[in-house]
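A.B. asks: Sharing a structure, written as structure tokens. Questions coming.
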Amino acid sequence: MNKILILLILGIALFSCSSDDTNEKQNNCDLKTIISTEDYIEAPSNFLTINSLEINNNCLKVNFSAGGCNGDTWEIKLIDSGEILESGIPQRNVRLSLKNEELCEAYITKELTFDISNLKVNGNKVQLNIENSGESILYEY
């Protein structure tokens with residue numbers, strides 16, 4: 001009787017577990033986007049050049065370059081200001097934050113994807129203004 005009870009409890013526990021990472025796994029993005037006014041203002045802003053931007057489903061692919069040794073120690077974040085600008089198409093301001101303490105003279109290019117699904121607003125599109133590229137990209141969902 002105890003074995004049946006234990007199996008029943010294990011079965012219930014197994015089927016009742018769910019993962020909060022389902023969207024992240026479906027999106028297959030490298031990193032999440034942070035929404036924080038404080039981080040938007042205060043996060044590191046070492047020099048980088050954004051070479052290209054592309055949206056694929058809920059992932060923003062950013063190709064960027066910066067000076068360094070190999071880029072392995074870089075801390076990179078995509079940060080939203082937390083503010084929605086009302087216009088014909090709603091807009092959000094985001095910036096790519098780079099903390100780079102590498103002291104080499106190589107010029108490294110990397111490409112990362114960021115899950116931008118948390119930037120959705122009412123409607124079916126939002127304009128993302130990328131502060132440190134001077135470009136905007138339309139996110140349609």
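Identifiers for the structure tokens are assigned positionally: chains receive A, B, ... in sequence, residues are indexed from 1 per chain, and ligands are indexed from 1 in the order shown.
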From chain A, collect each residue whose DSSP state is strand (DSSP E or B) and return the set as a PyMOL selection string.
C.D. replies: chain A and resi 31-35+45+49-56+59-68+75-85+91-99+106-115+125-130+135-140
A.B. asks: So which residues of chain A fall under helix (DSSP H, G or I) by DSSP, listed as a PyMOL selection string?
C.D. replies: chain A and resi 2-16+22-27+37-42+117-119
A.B. asks: Please determine, counting only C-alpha atoms, which residue among A:Glu102, A:Asp39, A:Glu54, A:Asp115 has the shortest atom-to-atom distance to Ser81 of chain A.
C.D. replies: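 Closest to Ser81 of chain A, using only C-alpha atoms: A:Asp39.
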A.B. asks: Counting only C-alpha atoms, which of A:Asn63, A:Ser133, A:Asn57, A:Ser97 gets nearest to Asn28 of chain A?
C.D. replies: A:Asn57
A.B. asks: For each of A:Asn129, A:Ile116, A:Ile35, A:Glu101, take the minimum atom-to-atom distance to Asn70 of chain A, counting only C-alpha atoms, then give the residue where this is smallest.
C.D. replies: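 Once distances to Asn70 of chain A are computed over only C-alpha atoms, the minimum belongs to A:Glu101.
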A.B. asks: Restricting the calculation to only C-alpha atoms: of A:Ile108, A:Leu60, A:Ile130, A:Ile137, which residue gets closest to Tyr40 of chain A?
C.D. replies: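 Among A:Ile108, A:Leu60, A:Ile130, A:Ile137, it is A:Ile130 that comes nearest to Tyr40 of chain A.
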A.B. asks: Find the nearest atom pair between each residue of segment 34-90 of chain A and segment 120-126 of chain A for residues within 12 Å, count only C-alpha atoms, give distances in Å to one decimal, sort rows by chain and ascending number, and present the table as a tab-separated table.
C.D. replies:
```
residue	atom	partner	partner_atom	distance
A:Ile35	CA	A:Lys120	CA	11.6
A:Asn58	CA	A:Lys120	CA	9.6
A:Asp80	CA	A:Lys120	CA	11.6
A:Gly82	CA	A:Val121	CA	11.6
A:Glu83	CA	A:Val121	CA	11.0
A:Ile84	CA	A:Val121	CA	8.3
A:Leu85	CA	A:Val126	CA	9.6
A:Glu86	CA	A:Val126	CA	10.0
A:Ser87	CA	A:Val126	CA	10.0
A:Gly88	CA	A:Val126	CA	9.9
A:Ile89	CA	A:Val126	CA	6.1
A:Pro90	CA	A:Val126	CA	5.1
```
